[in-house]
Amino acid sequence: MNQAADTATAAPAKRRFQFPPLGVYGYVCVLILVFWIVVALFAPYIAPYTESEIVTGTSFAPIGAEGLLLGSDYLGRDLASRLVHGARTTLTLALIATILAFLLGVITGFIAGIAGGWTDSVISRIVDAFISFPTIMLALLIVSIFGTSLPALICAIGFIEATRVFRISRALAVNTMTQDFVEVARARGESLWWILWNEVLPNAFVPLSTDFGLRYTFSILLLSALSFLGLGVQPPEADWGSMVKDNMTGIFVGAAAVLLPALSIFSVTLSINFLVDWNLARAQKDISDELVK
Amino acid sequence: MITSLIVRRILLGIVTIWVMSGLVFFGIEILPGDVADAILGQGATEETLHAIRTELGLYRPAWVRYLDWLGGLLQGDVGEALGTGRSIVEMMAIRLPTTLTLGGLTAAIAVPLALSLGLLAAMYPGSFFDRTITFGTLIVISGPEFLIATLLVMLFAIELRWVPAVSYLSQDPTFQQLARAMFLPVMTLVFAVLAPMTRMTRSAVLNVMTSPAIEMAILKGVPRMRIVLWHALPNAFAPIVNVVAINLAYLITGVVVVEVIFSFPGVAKLMVDGVQSRDIPVVQACAMMFCAIYVGFYILADVISIVSNPRLRHPK
């Protein structure tokens, strides 16, 4: 029995490491992500100034002027430093929110999918009610109730994404529960927790990890949208979305202060989306090949 | 059979909106403070709080106030804004046509364009055209709406000077004024909605292309154009209607961001201003309006799917 269990768990683990080559774009995406992770991790050491320090009297100083690498923003703060600190704020907040969403969504989703019956019905109906809201409406409502403190923002985004994670987790759990090996495990008298840990979770791992990437980009975009509306991260804290909003007046002098934060968000979300898409495309490739021939 | 399915779907939609109204209303009750605190803020004394609570009827139990609010909602009366004391319905009525024009124009441009692009891409999967579409839409999807808007403003308002960067509408705008004010917001929204809609159309058609019936047609040697238009498209109709509905619903997010960027005098701007000033009644009313529209799109899509799909007309 032990042997059988070993091969069963070893097989998918082995498959996961046999990724086909990424291609040039893929490596560029990985490089961009690694770059931002390093920047976010070592922000205080990399940035020449703090995020709220006013270093020059000129607003919207052009790139390279007055010894500032990327110029200044509307208050005369160093844009490069704010971008670096913004990376830390935006990427960390979105990450915590996504992790929260997965903890909440996967646990409730698995419970609903495995338990079935009225437990499933009750949880599913509650989630349905929240899913019926457009994301931005739910976000605006939560913010108007709980305000824009960082924990409130994280919880708002985490909660909204959790309803979506619940859906996929529940579907994956329901799917796995109909398989023969779960039937065998149940017949063997294994507990629901054992089945959850040893059968459902390993089978759901790969689709959930793909979804994690997508959820993370959604979290970044939602947080940025809220910040852009002035309902997210509050000044003087640097955050990519609010940086775009604050520097919007600079658009007429063609300042980099508007474009660079927006492009930073874009570089992260595009890289993640590209890698996820490439991952999904592998699954669909057979279909397309068939038609092209 | 089919009418009962449709009636059931519409009833389910109404129940959904009703549950949403409960969440929108009772969400506020979680907070320790109430509307009276929100109006008075820091300078509140016991007497003024008491006066306002009596005036607004806040001493009644929550469910009574909810029924009152829900009744008002159904009759088109959701009370007054906290800040100005103006009727919320009036404020929304003035702004609703602008928002609807914005959404309507976007849909009129984006839907046909997205369907044709998605269909063409699905017709020749793996071709240069298909890869361009897939990659191009991925890029647009990844960008936040405000990046698209910023780039468009830089190009059309600052470089080319065709249109103003801020949409200001006078009381009685001429067609030309309206067109100039609408150009950038509509274009931003078209970009934002076009990308996901094209992708989803493409995958909906491709999905049908893998069915046994299509495989049979391929094996028979039916020309590709005929396969797509004759065999795949009728079967893909329901999923495509769904795609359109999902994306028109998604348009709501875009509308919120776009109205703020261009200071567009629409309902979404009203709502965001309401959230900023914590004008809860305004936020609740606007949220209910958008949610009703959102759910409405889904009901419409499902009804069309039921009507158009023989298999859904006779469920097992």
# chains A, B, ... in the order shown; residues from 1 in each chain; ligands from 1
call {"tool": "interface_residues", "arguments": {"of": "chain B", "to": "chain A", "cutoff": "9 Å", "atoms": "only C-alpha atoms", "output": "PyMOL selection string"}}
result
chain B and resi 16-17+19-20+23-24+27-28+30-31+124-127+135+138-147+150-151+153-154+158+206+209-210+218+249-250+252-253+256-257+260-261+271-272+274-280+283-284+287+290-291+294-295
call {"tool": "residues_around", "arguments": {"residues": "Ala62 (chain B)", "least_positions_apart": "3", "cutoff": "10 Å", "atoms": "only C-alpha atoms", "output": "list in words"}}
result
Phe25, Phe26, Glu29, Leu58, Tyr59, Arg65, Tyr66, Leu67 and Asp68 of chain B
call {"tool": "write_last_selection", "arguments": {"atoms": "C-alpha atoms", "output": "PDB file, in the first residue's frame"}}
result
ATOM      1  CA  PHE B  25     -28.437  47.837   3.253  1.00  0.00           C
ATOM      2  CA  PHE B  26     -27.293  45.708   6.192  1.00  0.00           C
ATOM      3  CA  GLU B  29     -25.275  48.136  10.051  1.00  0.00           C
ATOM      4  CA  LEU B  58     -32.927  55.998  12.946  1.00  0.00           C
ATOM      5  CA  TYR B  59     -34.454  54.821  16.230  1.00  0.00           C
ATOM      6  CA  ARG B  65     -35.828  50.922   7.954  1.00  0.00           C
ATOM      7  CA  TYR B  66     -34.828  48.278   5.402  1.00  0.00           C
ATOM      8  CA  LEU B  67     -38.430  47.706   4.328  1.00  0.00           C
ATOM      9  CA  ASP B  68     -38.900  51.456   4.133  1.00  0.00           C
TER      10      ASP B  68
END
call {"tool": "select_by_dssp", "arguments": {"residues": "region 38-260 of chain A", "states": "strand (DSSP E or B)", "output": "MDAnalysis selection string"}}
result
chainID A and resid 54 72 77:78
call {"tool": "write_last_selection", "arguments": {"atoms": "N, CA and C atoms", "output": "mmCIF file, in the first residue's frame"}}
result
data_model
loop_
_atom_site.group_PDB
_atom_site.id
_atom_site.type_symbol
_atom_site.label_atom_id
_atom_site.label_comp_id
_atom_site.auth_asym_id
_atom_site.auth_seq_id
_atom_site.Cartn_x
_atom_site.Cartn_y
_atom_site.Cartn_z
ATOM 1 N N ILE A 54 10.675 65.568 0.133
ATOM 2 C CA ILE A 54 10.660 66.512 -0.994
ATOM 3 C C ILE A 54 12.099 66.941 -1.260
ATOM 4 N N SER A 72 11.182 64.245 -11.048
ATOM 5 C CA SER A 72 10.428 64.408 -9.802
ATOM 6 C C SER A 72 8.932 64.345 -10.078
ATOM 7 N N ARG A 77 9.047 65.309 -5.279
ATOM 8 C CA ARG A 77 9.669 64.141 -4.644
ATOM 9 C C ARG A 77 10.353 63.313 -5.724
ATOM 10 N N ASP A 78 11.352 62.527 -5.313
ATOM 11 C CA ASP A 78 12.107 61.723 -6.276
ATOM 12 C C ASP A 78 11.232 60.600 -6.816
#
call {"tool": "residues_around", "arguments": {"residues": "region 191-195 of chain B", "least_positions_apart": "4", "cutoff": "9 Å", "atoms": "only C-alpha atoms", "output": "PyMOL selection string"}}
result
chain B and resi 106-107+110-111+113-114+133-134+136-141+143-145+148+186-187+199-200+247-248+250-251+254
call {"tool": "select_by_dssp", "arguments": {"residues": "region 136-242 of chain A", "states": "alpha helix (DSSP H)", "output": "number ranges by chain"}}
result
A: 136-146, 150-177, 180-187, 192-195, 201-228, 240-242
call {"tool": "write_last_selection", "arguments": {"atoms": "C-alpha atoms", "output": "PDB file, in the first residue's frame"}}
result
ATOM      1  CA  ILE A 136     -15.833  47.191  -8.375  1.00  0.00           C
ATOM      2  CA  MET A 137     -19.263  47.784  -6.788  1.00  0.00           C
ATOM      3  CA  LEU A 138     -18.475  45.351  -3.975  1.00  0.00           C
ATOM      4  CA  ALA A 139     -15.094  47.029  -3.512  1.00  0.00           C
ATOM      5  CA  LEU A 140     -16.642  50.519  -3.410  1.00  0.00           C
ATOM      6  CA  LEU A 141     -19.301  49.381  -0.940  1.00  0.00           C
ATOM      7  CA  ILE A 142     -16.781  47.731   1.388  1.00  0.00           C
ATOM      8  CA  VAL A 143     -14.506  50.765   1.246  1.00  0.00           C
ATOM      9  CA  SER A 144     -17.401  53.128   1.956  1.00  0.00           C
ATOM     10  CA  ILE A 145     -18.201  51.042   5.027  1.00  0.00           C
ATOM     11  CA  PHE A 146     -14.763  50.169   6.421  1.00  0.00           C
ATOM     12  CA  LEU A 150      -4.412  49.132   4.723  1.00  0.00           C
ATOM     13  CA  PRO A 151      -5.965  46.194   6.662  1.00  0.00           C
ATOM     14  CA  ALA A 152      -9.418  47.211   5.379  1.00  0.00           C
ATOM     15  CA  LEU A 153      -8.135  47.286   1.788  1.00  0.00           C
ATOM     16  CA  ILE A 154      -6.435  43.904   2.125  1.00  0.00           C
ATOM     17  CA  CYS A 155      -9.546  42.345   3.645  1.00  0.00           C
ATOM     18  CA  ALA A 156     -11.807  43.911   1.003  1.00  0.00           C
ATOM     19  CA  ILE A 157      -9.739  42.624  -1.924  1.00  0.00           C
ATOM     20  CA  GLY A 158      -9.045  39.297  -0.194  1.00  0.00           C
ATOM     21  CA  PHE A 159     -12.733  38.756   0.467  1.00  0.00           C
ATOM     22  CA  ILE A 160     -13.805  39.649  -3.069  1.00  0.00           C
ATOM     23  CA  GLU A 161     -11.211  37.344  -4.632  1.00  0.00           C
ATOM     24  CA  ALA A 162     -12.035  34.589  -2.122  1.00  0.00           C
ATOM     25  CA  THR A 163     -15.552  34.280  -3.559  1.00  0.00           C
ATOM     26  CA  ARG A 164     -13.983  33.549  -6.950  1.00  0.00           C
ATOM     27  CA  VAL A 165     -11.413  31.137  -5.480  1.00  0.00           C
ATOM     28  CA  PHE A 166     -14.248  29.352  -3.675  1.00  0.00           C
ATOM     29  CA  ARG A 167     -15.923  28.570  -6.984  1.00  0.00           C
ATOM     30  CA  ILE A 168     -12.916  26.914  -8.585  1.00  0.00           C
ATOM     31  CA  SER A 169     -11.866  25.103  -5.382  1.00  0.00           C
ATOM     32  CA  ARG A 170     -15.338  23.690  -4.896  1.00  0.00           C
ATOM     33  CA  ALA A 171     -15.502  22.540  -8.519  1.00  0.00           C
ATOM     34  CA  LEU A 172     -12.093  20.866  -8.231  1.00  0.00           C
ATOM     35  CA  ALA A 173     -13.061  19.152  -4.982  1.00  0.00           C
ATOM     36  CA  VAL A 174     -16.401  17.930  -6.376  1.00  0.00           C
ATOM     37  CA  ASN A 175     -14.561  16.640  -9.432  1.00  0.00           C
ATOM     38  CA  THR A 176     -11.992  14.726  -7.421  1.00  0.00           C
ATOM     39  CA  MET A 177     -14.610  13.312  -5.060  1.00  0.00           C
ATOM     40  CA  ASP A 180     -12.607   5.917  -8.100  1.00  0.00           C
ATOM     41  CA  PHE A 181      -9.583   6.372  -5.865  1.00  0.00           C
ATOM     42  CA  VAL A 182     -11.618   8.523  -3.492  1.00  0.00           C
ATOM     43  CA  GLU A 183     -14.261   5.817  -3.449  1.00  0.00           C
ATOM     44  CA  VAL A 184     -11.530   3.346  -2.503  1.00  0.00           C
ATOM     45  CA  ALA A 185     -10.191   5.631   0.208  1.00  0.00           C
ATOM     46  CA  ARG A 186     -13.676   6.054   1.650  1.00  0.00           C
ATOM     47  CA  ALA A 187     -14.282   2.323   1.556  1.00  0.00           C
ATOM     48  CA  LEU A 192     -12.612  13.349   5.278  1.00  0.00           C
ATOM     49  CA  TRP A 193      -9.525  15.287   6.410  1.00  0.00           C
ATOM     50  CA  TRP A 194      -7.277  12.491   5.178  1.00  0.00           C
ATOM     51  CA  ILE A 195      -9.008  12.518   1.807  1.00  0.00           C
ATOM     52  CA  LEU A 201      -5.259  18.884  -2.494  1.00  0.00           C
ATOM     53  CA  PRO A 202      -2.559  17.190  -4.654  1.00  0.00           C
ATOM     54  CA  ASN A 203      -5.012  16.945  -7.561  1.00  0.00           C
ATOM     55  CA  ALA A 204      -6.109  20.550  -7.222  1.00  0.00           C
ATOM     56  CA  PHE A 205      -2.605  21.925  -6.806  1.00  0.00           C
ATOM     57  CA  VAL A 206      -1.686  22.638 -10.420  1.00  0.00           C
ATOM     58  CA  PRO A 207      -4.971  24.300 -11.483  1.00  0.00           C
ATOM     59  CA  LEU A 208      -4.998  26.298  -8.242  1.00  0.00           C
ATOM     60  CA  SER A 209      -1.445  27.523  -8.757  1.00  0.00           C
ATOM     61  CA  THR A 210      -2.375  28.768 -12.233  1.00  0.00           C
ATOM     62  CA  ASP A 211      -5.383  30.495 -10.715  1.00  0.00           C
ATOM     63  CA  PHE A 212      -3.155  32.046  -8.060  1.00  0.00           C
ATOM     64  CA  GLY A 213      -1.235  33.870 -10.776  1.00  0.00           C
ATOM     65  CA  LEU A 214      -4.440  35.202 -12.325  1.00  0.00           C
ATOM     66  CA  ARG A 215      -5.911  36.188  -8.947  1.00  0.00           C
ATOM     67  CA  TYR A 216      -2.716  38.039  -8.112  1.00  0.00           C
ATOM     68  CA  THR A 217      -2.950  40.146 -11.257  1.00  0.00           C
ATOM     69  CA  PHE A 218      -6.636  40.850 -10.518  1.00  0.00           C
ATOM     70  CA  SER A 219      -5.691  41.908  -6.986  1.00  0.00           C
ATOM     71  CA  ILE A 220      -3.008  44.256  -8.316  1.00  0.00           C
ATOM     72  CA  LEU A 221      -5.435  45.752 -10.843  1.00  0.00           C
ATOM     73  CA  LEU A 222      -8.262  46.108  -8.313  1.00  0.00           C
ATOM     74  CA  LEU A 223      -5.983  47.711  -5.724  1.00  0.00           C
ATOM     75  CA  SER A 224      -4.585  50.057  -8.356  1.00  0.00           C
ATOM     76  CA  ALA A 225      -8.063  50.958  -9.585  1.00  0.00           C
ATOM     77  CA  LEU A 226      -9.164  51.774  -6.031  1.00  0.00           C
ATOM     78  CA  SER A 227      -6.006  53.790  -5.394  1.00  0.00           C
ATOM     79  CA  PHE A 228      -6.521  55.556  -8.689  1.00  0.00           C
ATOM     80  CA  TRP A 240       1.504  52.707  -8.105  1.00  0.00           C
ATOM     81  CA  GLY A 241      -2.220  53.389  -8.549  1.00  0.00           C
ATOM     82  CA  SER A 242      -2.296  56.512  -6.386  1.00  0.00           C
TER      83      SER A 242
END
call {"tool": "atom_distance", "arguments": {"atom1": "CA of Pro164 (chain B)", "atom2": "CA of Ala93 (chain B)"}}
result
25.6 Å
call {"tool": "atom_distance", "arguments": {"atom1": "CA of Gly117 (chain A)", "atom2": "CA of Asn242 (chain B)"}}
result
29.1 Å
